[in-house]
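Q: So here's query-v4.tsv (TSV, C-alpha atoms).
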chain	number	residue	atom	x	y	z
A	1	MET	CA	21.52	-6.38	57.24
A	2	THR	CA	21.44	-9.37	59.58
A	3	SER	CA	19.82	-12.67	58.71
A	4	ARG	CA	17.07	-11.98	61.21
A	5	GLN	CA	16.28	-8.64	59.57
A	6	ARG	CA	16.20	-10.30	56.14
A	7	ILE	CA	13.75	-12.92	57.42
A	8	TYR	CA	11.52	-10.15	58.77
A	9	VAL	CA	11.58	-8.30	55.41
A	10	LEU	CA	10.78	-11.43	53.36
A	11	GLY	CA	8.21	-12.60	55.89
A	12	GLY	CA	6.50	-9.21	55.58
A	13	VAL	CA	6.49	-9.44	51.76
A	14	LEU	CA	5.09	-12.97	51.84
A	15	GLY	CA	2.47	-11.97	54.41
A	16	VAL	CA	1.25	-9.02	52.35
A	17	ALA	CA	1.17	-11.15	49.17
A	18	LEU	CA	-0.81	-13.90	50.90
A	19	ILE	CA	-3.29	-11.39	52.33
A	20	ALA	CA	-3.77	-9.99	48.79
A	21	VAL	CA	-4.41	-13.52	47.48
A	22	VAL	CA	-6.90	-14.31	50.25
A	23	LEU	CA	-8.74	-11.04	49.57
A	24	ALA	CA	-8.75	-11.73	45.82
A	25	ILE	CA	-10.24	-15.19	46.39
A	26	ALA	CA	-12.80	-13.83	48.85
A	27	PHE	CA	-13.91	-11.08	46.44
A	28	ALA	CA	-13.89	-13.41	43.40
A	29	GLY	CA	-16.47	-15.69	45.04
A	30	GLY	CA	-15.11	-19.17	44.55
A	31	SER	CA	-18.26	-21.20	44.06
A	32	LYS	CA	-19.10	-20.23	40.51
A	33	LYS	CA	-18.08	-22.68	37.81
A	34	ALA	CA	-17.15	-21.24	34.45
A	35	GLY	CA	-19.77	-21.89	31.83
A	36	PRO	CA	-19.17	-22.43	28.14
A	37	ALA	CA	-16.51	-20.07	26.77
A	38	SER	CA	-19.01	-18.27	24.53
A	39	PRO	CA	-22.75	-17.82	24.40
A	40	VAL	CA	-24.71	-20.66	22.80
A	41	LEU	CA	-25.72	-19.80	19.28
A	42	SER	CA	-28.91	-20.72	17.54
A	43	HIS	CA	-28.36	-23.53	15.05
A	44	GLU	CA	-29.01	-21.45	11.96
A	45	SER	CA	-28.13	-22.92	8.59
A	46	SER	CA	-24.69	-22.47	7.11
A	47	ALA	CA	-26.05	-20.10	4.44
A	48	PHE	CA	-22.63	-18.62	3.64
A	49	LEU	CA	-21.60	-21.98	2.16
A	50	ALA	CA	-24.51	-22.14	-0.28
A	51	GLY	CA	-23.35	-22.46	-3.87
A	52	VAL	CA	-19.67	-22.93	-2.96
A	53	PRO	CA	-18.24	-26.13	-4.46
A	54	GLN	CA	-17.01	-28.75	-1.98
A	55	HIS	CA	-15.07	-31.89	-2.66
A	56	GLY	CA	-14.01	-33.96	0.33
A	57	ASP	CA	-12.14	-31.64	2.68
A	58	THR	CA	-11.80	-28.85	0.09
A	59	LEU	CA	-13.98	-25.77	-0.14
A	60	GLY	CA	-13.84	-23.71	-3.32
A	61	ARG	CA	-13.01	-24.14	-6.96
A	62	PRO	CA	-10.46	-26.92	-7.54
A	63	ASP	CA	-8.58	-24.68	-9.99
A	64	ALA	CA	-8.30	-21.76	-7.53
A	65	PRO	CA	-4.76	-20.33	-7.83
A	66	ALA	CA	-4.09	-20.36	-4.07
A	67	THR	CA	-4.58	-23.03	-1.41
A	68	VAL	CA	-5.09	-22.34	2.27
A	69	TYR	CA	-4.82	-25.21	4.75
A	70	VAL	CA	-7.06	-24.63	7.78
A	71	PHE	CA	-5.89	-26.50	10.89
A	72	GLU	CA	-8.68	-26.86	13.44
A	73	ASP	CA	-9.95	-28.93	16.33
A	74	PRO	CA	-13.75	-29.07	16.79
A	75	GLN	CA	-13.29	-28.64	20.56
A	76	CYS	CA	-11.17	-25.49	20.22
A	77	PRO	CA	-13.06	-22.32	21.24
A	78	TYR	CA	-10.87	-20.04	19.12
A	79	CYS	CA	-11.57	-22.24	16.08
A	80	ARG	CA	-15.26	-21.82	16.81
A	81	ASP	CA	-14.85	-18.04	17.04
A	82	TRP	CA	-12.97	-17.96	13.74
A	83	SER	CA	-15.31	-20.37	11.99
A	84	ILE	CA	-18.46	-18.52	13.01
A	85	GLY	CA	-17.14	-14.95	13.09
A	86	THR	CA	-14.59	-14.81	10.29
A	87	LEU	CA	-14.98	-17.76	7.90
A	88	PRO	CA	-18.14	-16.34	6.22
A	89	SER	CA	-16.17	-13.20	5.34
A	90	VAL	CA	-13.22	-15.26	4.04
A	91	VAL	CA	-15.57	-17.36	1.92
A	92	GLY	CA	-17.28	-14.25	0.53
A	93	THR	CA	-14.05	-12.40	-0.21
A	94	PHE	CA	-11.65	-15.12	-1.30
A	95	VAL	CA	-13.44	-18.41	-1.99
A	96	LYS	CA	-16.59	-17.42	-3.85
A	97	THR	CA	-14.48	-15.14	-6.05
A	98	GLY	CA	-12.32	-18.12	-7.05
A	99	ARG	CA	-9.12	-16.66	-5.58
A	100	VAL	CA	-8.62	-19.31	-2.92
A	101	LYS	CA	-9.62	-22.83	-2.00
A	102	LEU	CA	-9.63	-23.93	1.63
A	103	VAL	CA	-8.53	-27.42	2.69
A	104	TRP	CA	-9.67	-28.49	6.17
A	105	HIS	CA	-7.06	-30.19	8.35
A	106	GLY	CA	-8.57	-31.57	11.55
A	107	ILE	CA	-6.08	-32.33	14.34
A	108	PRO	CA	-6.68	-33.40	17.97
A	109	ILE	CA	-5.14	-30.51	19.91
A	110	VAL	CA	-7.55	-30.22	22.85
A	111	GLY	CA	-7.75	-33.89	23.80
A	112	GLN	CA	-8.95	-37.36	22.86
A	113	ASP	CA	-12.58	-36.17	23.04
A	114	SER	CA	-11.84	-34.35	19.78
A	115	MET	CA	-11.38	-37.59	17.83
A	116	PRO	CA	-15.07	-38.48	17.30
A	117	GLY	CA	-15.66	-34.95	15.97
A	118	LEU	CA	-12.67	-35.15	13.66
A	119	THR	CA	-13.55	-38.56	12.25
A	120	ALA	CA	-17.20	-37.52	11.80
A	121	ALA	CA	-16.08	-34.36	9.95
A	122	TYR	CA	-14.00	-36.38	7.53
A	123	GLY	CA	-16.92	-38.81	7.27
A	124	ALA	CA	-19.13	-35.87	6.24
A	125	GLY	CA	-16.43	-35.01	3.72
A	126	LYS	CA	-17.22	-38.29	1.93
A	127	GLN	CA	-20.60	-36.67	1.21
A	128	ASN	CA	-18.91	-33.38	0.20
A	129	ARG	CA	-20.51	-31.57	3.16
A	130	LEU	CA	-17.55	-31.37	5.54
A	131	TRP	CA	-17.58	-27.58	5.85
A	132	ASN	CA	-21.34	-27.49	6.54
A	133	PHE	CA	-20.96	-30.20	9.18
A	134	VAL	CA	-18.00	-28.53	10.91
A	135	ASP	CA	-19.91	-25.23	10.98
A	136	GLN	CA	-22.87	-26.95	12.60
A	137	LEU	CA	-20.62	-28.77	15.06
A	138	TYR	CA	-19.08	-25.46	16.18
A	139	LYS	CA	-22.57	-24.07	16.72
A	140	ARG	CA	-23.11	-26.89	19.22
A	141	GLN	CA	-19.70	-26.65	20.91
A	142	GLY	CA	-19.56	-27.31	24.66
A	143	ALA	CA	-16.82	-27.14	27.27
A	144	GLU	CA	-13.55	-28.87	26.42
A	145	ASN	CA	-13.48	-32.62	27.07
A	146	SER	CA	-16.92	-32.51	28.70
A	147	GLY	CA	-18.26	-35.27	26.45
A	148	TRP	CA	-20.34	-32.93	24.30
A	149	ILE	CA	-19.11	-34.63	21.11
A	150	ASN	CA	-21.39	-37.63	21.38
A	151	ASP	CA	-23.61	-39.63	19.04
A	152	ALA	CA	-26.61	-37.33	19.57
A	153	THR	CA	-24.63	-34.13	18.86
A	154	LEU	CA	-22.98	-35.64	15.78
A	155	ARG	CA	-26.34	-36.81	14.39
A	156	ASP	CA	-27.95	-33.45	15.16
A	157	ALA	CA	-25.16	-31.55	13.39
A	158	ALA	CA	-25.31	-33.99	10.48
A	159	LYS	CA	-29.03	-33.45	10.10
A	160	ALA	CA	-28.64	-29.65	10.18
A	161	SER	CA	-25.93	-29.79	7.53
A	162	GLY	CA	-27.73	-32.08	5.11
A	163	VAL	CA	-25.50	-35.06	5.83
A	164	ASN	CA	-26.69	-38.66	6.07
A	165	ALA	CA	-25.68	-39.41	9.68
A	166	ASP	CA	-25.55	-43.21	9.34
A	167	ARG	CA	-23.27	-43.05	6.32
A	168	MET	CA	-21.16	-40.35	7.96
A	169	LEU	CA	-20.62	-42.41	11.12
A	170	ALA	CA	-19.82	-45.53	9.06
A	171	ASP	CA	-17.31	-43.59	6.95
A	172	ALA	CA	-15.87	-42.03	10.14
A	173	LYS	CA	-14.41	-45.45	10.98
A	174	THR	CA	-12.20	-45.33	7.89
A	175	VAL	CA	-10.63	-41.86	8.09
A	176	ASP	CA	-7.94	-42.28	10.75
A	177	PRO	CA	-5.18	-42.14	8.08
A	178	ARG	CA	-6.48	-38.72	6.99
A	179	ILE	CA	-6.15	-37.41	10.55
A	180	ARG	CA	-2.63	-38.86	10.81
A	181	GLN	CA	-1.85	-37.07	7.53
A	182	SER	CA	-3.16	-33.78	8.95
A	183	GLU	CA	-1.03	-34.22	12.07
A	184	SER	CA	2.01	-34.95	9.92
A	185	GLU	CA	1.38	-31.82	7.84
A	186	ALA	CA	0.89	-29.79	11.03
A	187	ASN	CA	4.38	-30.88	12.10
A	188	THR	CA	5.78	-30.10	8.66
A	189	TYR	CA	4.48	-26.53	8.69
A	190	GLY	CA	5.25	-25.82	12.36
A	191	VAL	CA	1.62	-25.62	13.46
A	192	ASN	CA	1.66	-25.35	17.28
A	193	GLY	CA	-1.91	-24.36	18.02
A	194	THR	CA	-5.34	-24.05	16.48
A	195	PRO	CA	-6.65	-22.44	14.46
A	196	SER	CA	-3.62	-22.13	12.20
A	197	PHE	CA	-3.46	-21.42	8.51
A	198	VAL	CA	-0.93	-22.39	5.87
A	199	VAL	CA	-1.04	-20.29	2.71
A	200	ASN	CA	0.62	-21.82	-0.34
A	201	GLY	CA	2.91	-23.83	1.94
A	202	LYS	CA	3.76	-21.09	4.45
A	203	LEU	CA	2.36	-20.62	7.96
A	204	LEU	CA	0.25	-17.45	8.02
A	205	PRO	CA	1.48	-15.00	10.69
A	206	LEU	CA	-1.51	-13.55	12.54
A	207	THR	CA	-2.07	-10.92	15.19
A	208	SER	CA	-5.85	-11.23	15.24
A	209	LEU	CA	-8.59	-13.58	14.06
A	210	GLN	CA	-11.10	-10.75	13.51
A	211	PRO	CA	-12.46	-10.64	9.93
A	212	GLY	CA	-10.81	-7.35	8.91
A	213	ASP	CA	-7.38	-8.20	10.30
A	214	PHE	CA	-7.52	-11.80	9.09
A	215	ASN	CA	-8.52	-10.88	5.55
A	216	THR	CA	-5.78	-8.24	5.40
A	217	ALA	CA	-3.16	-10.77	6.55
A	218	LEU	CA	-4.45	-13.38	4.08
A	219	ALA	CA	-4.44	-10.91	1.20
A	220	ALA	CA	-0.88	-9.90	2.08
A	221	ALA	CA	0.24	-13.55	2.17
A	222	LEU	CA	-1.40	-14.10	-1.21
A	223	GLY	CA	0.39	-11.06	-2.59
A	224	GLN	CA	-2.92	-9.50	-3.55
B	225	MET	CA	27.46	-18.36	42.26
B	226	LYS	CA	25.80	-21.77	41.72
B	227	LEU	CA	22.64	-20.49	43.37
B	228	ARG	CA	22.55	-17.42	41.13
B	229	ALA	CA	23.15	-19.57	38.04
B	230	ALA	CA	20.32	-21.92	39.00
B	231	ILE	CA	18.00	-18.94	39.60
B	232	ALA	CA	18.92	-17.46	36.21
B	233	ALA	CA	18.32	-20.79	34.44
B	234	LEU	CA	14.90	-21.22	36.08
B	235	ALA	CA	13.98	-17.61	35.30
B	236	LEU	CA	14.86	-18.21	31.64
B	237	ALA	CA	12.71	-21.36	31.56
B	238	GLY	CA	9.80	-19.47	33.12
B	239	LEU	CA	10.31	-16.60	30.71
B	240	GLY	CA	10.05	-19.03	27.79
B	241	ILE	CA	6.66	-20.31	28.99
B	242	ALA	CA	5.38	-16.80	29.75
B	243	VAL	CA	6.42	-15.40	26.36
B	244	TYR	CA	4.86	-18.39	24.56
B	245	LEU	CA	1.54	-17.86	26.37
B	246	THR	CA	1.65	-14.08	25.88
B	247	VAL	CA	2.17	-14.44	22.12
B	248	LEU	CA	-0.67	-16.96	21.84
B	249	HIS	CA	-2.91	-14.76	23.97
B	250	TYR	CA	-2.56	-11.82	21.58
B	251	ALA	CA	-2.73	-14.07	18.50
B	252	HIS	CA	-5.93	-15.71	19.83
B	253	VAL	CA	-4.43	-19.11	19.17
B	254	ALA	CA	-4.81	-22.12	21.44
B	255	PRO	CA	-1.63	-23.52	23.01
B	256	ILE	CA	-0.51	-27.11	22.62
B	257	CYS	CA	-2.21	-28.83	25.52
B	258	ALA	CA	-1.93	-32.32	26.97
B	259	THR	CA	-4.23	-31.55	29.92
B	260	GLY	CA	-7.04	-30.41	27.62
B	261	GLY	CA	-8.01	-27.27	29.55
B	262	CYS	CA	-5.50	-24.69	28.33
B	263	GLU	CA	-7.94	-22.84	26.08
B	264	THR	CA	-10.60	-22.72	28.78
B	265	VAL	CA	-8.07	-21.23	31.18
B	266	GLN	CA	-6.70	-18.89	28.51
B	267	LYS	CA	-10.17	-17.57	27.67
B	268	SER	CA	-11.30	-17.18	31.28
B	269	LYS	CA	-11.50	-13.84	33.09
B	270	TYR	CA	-8.54	-14.96	35.23
B	271	ALA	CA	-6.24	-14.81	32.19
B	272	GLU	CA	-6.11	-11.03	32.48
B	273	LEU	CA	-5.55	-8.60	35.35
B	274	ALA	CA	-6.86	-5.07	34.66
B	275	GLY	CA	-6.71	-5.84	30.94
B	276	VAL	CA	-3.12	-7.09	31.04
B	277	PRO	CA	-2.55	-10.80	30.27
B	278	VAL	CA	-1.23	-12.56	33.38
B	279	ALA	CA	1.27	-14.30	31.08
B	280	LEU	CA	2.75	-10.88	30.28
B	281	LEU	CA	2.94	-10.04	34.00
B	282	GLY	CA	4.72	-13.36	34.48
B	283	ALA	CA	7.17	-12.55	31.71
B	284	LEU	CA	7.99	-9.21	33.36
B	285	ALA	CA	8.49	-10.94	36.72
B	286	TYR	CA	10.86	-13.50	35.18
B	287	VAL	CA	12.86	-10.71	33.50
B	288	ALA	CA	13.14	-8.97	36.87
B	289	LEU	CA	14.23	-12.23	38.52
B	290	LEU	CA	16.81	-12.76	35.79
B	291	VAL	CA	18.21	-9.26	36.35
B	292	CYS	CA	18.36	-9.85	40.13
B	293	ALA	CA	20.18	-13.14	39.54
B	294	LEU	CA	22.77	-11.44	37.38
B	295	LEU	CA	23.48	-8.75	40.00
B	296	ARG	CA	25.54	-9.36	43.13
B	297	GLY	CA	24.71	-8.06	46.59
B	298	VAL	CA	22.16	-8.23	49.36
B	299	THR	CA	19.78	-5.72	47.78
B	300	ALA	CA	19.52	-7.72	44.54
B	301	ALA	CA	19.11	-10.95	46.50
B	302	LEU	CA	16.36	-9.49	48.69
B	303	ALA	CA	14.58	-7.94	45.69
B	304	GLY	CA	14.72	-11.28	43.85
B	305	ALA	CA	13.32	-13.13	46.86
B	306	ALA	CA	10.53	-10.58	47.29
B	307	ILE	CA	9.55	-10.84	43.60
B	308	ALA	CA	9.64	-14.65	43.73
B	309	LEU	CA	7.48	-14.74	46.88
B	310	VAL	CA	4.90	-12.39	45.35
B	311	GLY	CA	5.04	-14.51	42.16
B	312	LEU	CA	4.52	-17.66	44.18
B	313	ALA	CA	1.49	-16.17	45.95
B	314	PHE	CA	0.03	-15.06	42.61
B	315	SER	CA	0.69	-18.53	41.14
B	316	ALA	CA	-1.16	-20.03	44.11
B	317	TYR	CA	-4.10	-17.73	43.36
B	318	LEU	CA	-4.14	-18.81	39.70
B	319	LEU	CA	-3.91	-22.48	40.70
B	320	TRP	CA	-6.92	-21.94	42.96
B	321	ALA	CA	-8.75	-20.31	40.01
B	322	GLN	CA	-8.03	-23.34	37.80
B	323	LEU	CA	-9.12	-25.89	40.39
B	324	GLY	CA	-12.17	-23.88	41.46
B	325	PRO	CA	-14.02	-21.32	39.34
B	326	ILE	CA	-12.53	-22.23	35.94
B	327	GLY	CA	-12.72	-25.98	36.46
B	328	ALA	CA	-9.87	-26.70	34.00
B	329	ILE	CA	-6.14	-27.25	34.29
B	330	CYS	CA	-3.50	-25.77	32.00
B	331	GLN	CA	-0.19	-27.66	31.80
B	332	TRP	CA	1.72	-24.45	31.06
B	333	CYS	CA	0.36	-22.86	34.23
B	334	LEU	CA	1.39	-25.93	36.25
B	335	GLY	CA	4.87	-25.70	34.75
B	336	ASN	CA	4.99	-22.04	35.70
B	337	ASP	CA	3.86	-22.90	39.26
B	338	ALA	CA	6.63	-25.47	39.65
B	339	ILE	CA	9.27	-23.05	38.36
B	340	MET	CA	8.03	-20.22	40.58
B	341	LEU	CA	8.04	-22.51	43.65
B	342	ALA	CA	11.62	-23.57	42.93
B	343	LEU	CA	12.61	-19.94	42.33
B	344	ALA	CA	11.04	-18.83	45.60
B	345	VAL	CA	13.00	-21.46	47.55
B	346	LEU	CA	16.29	-20.66	45.81
B	347	CYS	CA	15.83	-16.88	46.00
B	348	VAL	CA	15.04	-17.00	49.74
B	349	LEU	CA	18.10	-19.21	50.33
B	350	ARG	CA	20.20	-16.74	48.40
B	351	ALA	CA	18.77	-13.77	50.25
B	352	LEU	CA	19.68	-15.38	53.59
B	353	ARG	CA	23.21	-16.34	52.49
B	354	GLU	CA	24.27	-13.41	50.31
B	355	GLN	CA	27.19	-11.42	51.79
Please rewrite the model in this file as structure tokens.
A:
Amino acid sequence: MTSRQRIYVLGGVLGVALIAVVLAIAFAGGSKKAGPASPVLSHESSAFLAGVPQHGDTLGRPDAPATVYVFEDPQCPYCRDWSIGTLPSVVGTFVKTGRVKLVWHGIPIVGQDSMPGLTAAYGAGKQNRLWNFVDQLYKRQGAENSGWINDATLRDAAKASGVNADRMLADAKTVDPRIRQSESEANTYGVNGTPSFVVNGKLLPLTSLQPGDFNTALAAALGQ
Amino acid sequence: MKLRAAIAALALAGLGIAVYLTVLHYAHVAPICATGGCETVQKSKYAELAGVPVALLGALAYVALLVCALLRGVTAALAGAAIALVGLAFSAYLLWAQLGPIGAICQWCLGNDAIMLALAVLCVLRALREQ
């Protein structure tokens, strides 16, 4: 095949591919901006946490035989999906029964906009309401790095979770070392995305975050 | 030979990114992201084509490019160039989707775009020179 023939063949391939792209763009309708990743939820109370002991960043009985580290970023849509869709089932099955305690590890994966949410969460932890606050924050989640984690959102989530917002925001200024510690532990355990879970010191392998699959994987990791 | 080696190396790099994104797609886990928009892109409708993750399609394309790089001959060179050109056009479409409808940028996608552009140039050069 001569060079000229090869140019014709490749030119034809490129032409067809470009026509396909142009048609795809034309049929996709390029003016629509993507909205929030998931539908906005009503800000119902975090009823699944009622009666579960909390101390700082820990949810569950302090003497629970197993510890699960939960690595999350308040801006992460998958964390929101897990927290709202699966966490209540985990709490009901493993935490309320005293089998497991959960320790929240907030890390800034999505971007610097995550930091005010992370510090506020640990600030709420000083009032032993971190898990309620994080749940409420997820129920207000907006698009990544769009500025949705602002003073008004933090105060609104604090109010809905029974947290004193002024105290929380004051305490939030003192918790940077806790976030550094979470980041260090994320590196230690090989966490490379959120949400991630470390069960008794080992990264939990997951194929799905759906309640049934997640609880099965967690039970297997616990040897139960 | 140098051209084929460079194509193989780039295809391996692209394969690494594509496999990483495919695994995270099925695990529903967010990738490490310096640009801040990876999850938005990953959860958008553009992340799948007819139910198949585009990252998986990318992985298959990189495997095909790797095979073409390992084989000698005009047919392999032309096939590699054709795959790379189609890949480049598809990458351009996904870049448009990020800049337009999705409104978020994913660093892994940009890395893939750069690799696919380089592959397209090298594969076309090879296809014109191969004896």
Q: Give me, as a list in words, all polymer residues having an atom no more than 10 Å from Tyr244 (chain B), counting all atoms listed in the file and skipping those fewer than 3 positions away in the same chain.
A: Gly238, Leu239, Gly240, Ile241, Val247, Leu248, His249, Pro255, Ala279, Leu280, Ala283 and Trp332 of chain B
Q: Could you tell me which of A:Phe94, A:Tyr189, A:Trp148, A:Phe214 comes closest to chain B if we count only C-alpha atoms?
A: A:Phe214
Q: Wanna dump the chain B-chain A contacts at 9 Å for me, each residue with its shortest atom pair and the distance in Å to one decimal, counting only C-alpha atoms, ordered by chain and number, as CSV?
A:
residue,atom,partner,partner_atom,distance
B:Val247,CA,A:Thr207,CA,8.9
B:Leu248,CA,A:Gly193,CA,8.4
B:Tyr250,CA,A:Thr207,CA,6.5
B:Ala251,CA,A:Thr207,CA,4.6
B:His252,CA,A:Ser208,CA,6.4
B:Val253,CA,A:Thr194,CA,5.7
B:Ala254,CA,A:Gly193,CA,5.0
B:Pro255,CA,A:Gly193,CA,5.1
B:Ile256,CA,A:Gly193,CA,5.5
B:Cys257,CA,A:Val110,CA,6.1
B:Ala258,CA,A:Gly111,CA,6.8
B:Thr259,CA,A:Gly111,CA,7.4
B:Gly260,CA,A:Val110,CA,4.8
B:Gly261,CA,A:Glu144,CA,6.6
B:Cys262,CA,A:Val110,CA,8.1
B:Glu263,CA,A:Pro77,CA,7.1
B:Thr264,CA,A:Ala37,CA,6.8
B:Lys267,CA,A:Ala37,CA,6.9
B:Ser268,CA,A:Ala37,CA,7.5
B:Val298,CA,A:Met1,CA,8.1
B:Leu302,CA,A:Arg6,CA,7.5
B:Ala305,CA,A:Leu10,CA,7.2
B:Ala306,CA,A:Val13,CA,6.1
B:Ile307,CA,A:Val13,CA,8.8
B:Leu309,CA,A:Leu14,CA,5.8
B:Val310,CA,A:Ala17,CA,5.5
B:Gly311,CA,A:Ala17,CA,8.7
B:Leu312,CA,A:Ala17,CA,8.9
B:Ala313,CA,A:Leu18,CA,5.9
B:Phe314,CA,A:Val21,CA,6.8
B:Ala316,CA,A:Val21,CA,8.0
B:Tyr317,CA,A:Val21,CA,5.9
B:Trp320,CA,A:Ile25,CA,8.3
B:Ala321,CA,A:Gly30,CA,7.9
B:Gly324,CA,A:Gly30,CA,6.4
B:Pro325,CA,A:Lys33,CA,4.5
B:Ile326,CA,A:Ala34,CA,5.0
B:Gly327,CA,A:Lys33,CA,6.4
B:Ala328,CA,A:Glu144,CA,8.7
B:Val348,CA,A:Leu10,CA,7.9
B:Ala351,CA,A:Arg6,CA,7.3
B:Leu352,CA,A:Ser3,CA,5.8
B:Arg353,CA,A:Ser3,CA,8.0
Q: Which of these, B:Ala300, B:Leu234, B:Ala338, B:Leu290, has the shortest distance to Arg350 (chain B) once you count only C-alpha atoms?
A: B:Ala300
Q: Nearest residue to Leu341 (chain B) out of B:Ile231, B:Leu284, B:Leu295, B:Ala242, using only C-alpha atoms?
A: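 For Leu341 (chain B), the nearest of the given residues is B:Ile231.
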Q: Could you please determine the separation between CA of Leu343 (chain B) and CA of Ala230 (chain B) in Å, to one decimal place?
A: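 Rounded to one decimal, the two atoms are 8.6 Å apart.
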Q: Padding of 6 Å on every side, edges along x, y and z, all listed atoms of region 3-22 of chain A included: what centre and edge lengths in Å, to one decimal, does that box have, as lines of an AutoDock Vina configuration file?
A:
center_x = 6.5
center_y = -11.3
center_z = 54.3
size_x = 38.7
size_y = 18.0
size_z = 25.7
Q: Which polymer residues have any atom within 12 Å of an atom of Val291 (chain B), counting only C-alpha atoms, with same-chain residues fewer than 3 positions away left out, as an MDAnalysis selection string?
A: chainID B and resid 228:229 231:233 235:236 284:288 294:296 300:301 303:304 307
Q: Any chance you could export the current selection's C-alpha atoms as a PDB file, in the frame of the given file?
A:
ATOM      1  CA  ARG B 228      22.550 -17.420  41.130  1.00  0.00           C
ATOM      2  CA  ALA B 229      23.150 -19.570  38.040  1.00  0.00           C
ATOM      3  CA  ILE B 231      18.000 -18.940  39.600  1.00  0.00           C
ATOM      4  CA  ALA B 232      18.920 -17.460  36.210  1.00  0.00           C
ATOM      5  CA  ALA B 233      18.320 -20.790  34.440  1.00  0.00           C
ATOM      6  CA  ALA B 235      13.980 -17.610  35.300  1.00  0.00           C
ATOM      7  CA  LEU B 236      14.860 -18.210  31.640  1.00  0.00           C
ATOM      8  CA  LEU B 284       7.990  -9.210  33.360  1.00  0.00           C
ATOM      9  CA  ALA B 285       8.490 -10.940  36.720  1.00  0.00           C
ATOM     10  CA  TYR B 286      10.860 -13.500  35.180  1.00  0.00           C
ATOM     11  CA  VAL B 287      12.860 -10.710  33.500  1.00  0.00           C
ATOM     12  CA  ALA B 288      13.140  -8.970  36.870  1.00  0.00           C
ATOM     13  CA  LEU B 294      22.770 -11.440  37.380  1.00  0.00           C
ATOM     14  CA  LEU B 295      23.480  -8.750  40.000  1.00  0.00           C
ATOM     15  CA  ARG B 296      25.540  -9.360  43.130  1.00  0.00           C
ATOM     16  CA  ALA B 300      19.520  -7.720  44.540  1.00  0.00           C
ATOM     17  CA  ALA B 301      19.110 -10.950  46.500  1.00  0.00           C
ATOM     18  CA  ALA B 303      14.580  -7.940  45.690  1.00  0.00           C
ATOM     19  CA  GLY B 304      14.720 -11.280  43.850  1.00  0.00           C
ATOM     20  CA  ILE B 307       9.550 -10.840  43.600  1.00  0.00           C
TER      21      ILE B 307
END
Q: Name the closest residue to Thr174 (chain A) among the candidates A:Lys202, A:Arg155, A:Lys126, A:Arg140; distances are taken between atoms, counting only C-alpha atoms.
A: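 The shortest atom-to-atom distance to Thr174 (chain A) comes from A:Lys126.
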Q: To one decimal place, how far is CA of Thr86 (chain A) from CA of Ala157 (chain A) in Å?
A: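 These two atoms are separated by 20.0 Å.
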Q: Interatomic distance between CA of Ala66 (chain A) and CA of Leu222 (chain A)?
A: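 Separating CA of Ala66 (chain A) from CA of Leu222 (chain A) is a distance of 7.4 Å.
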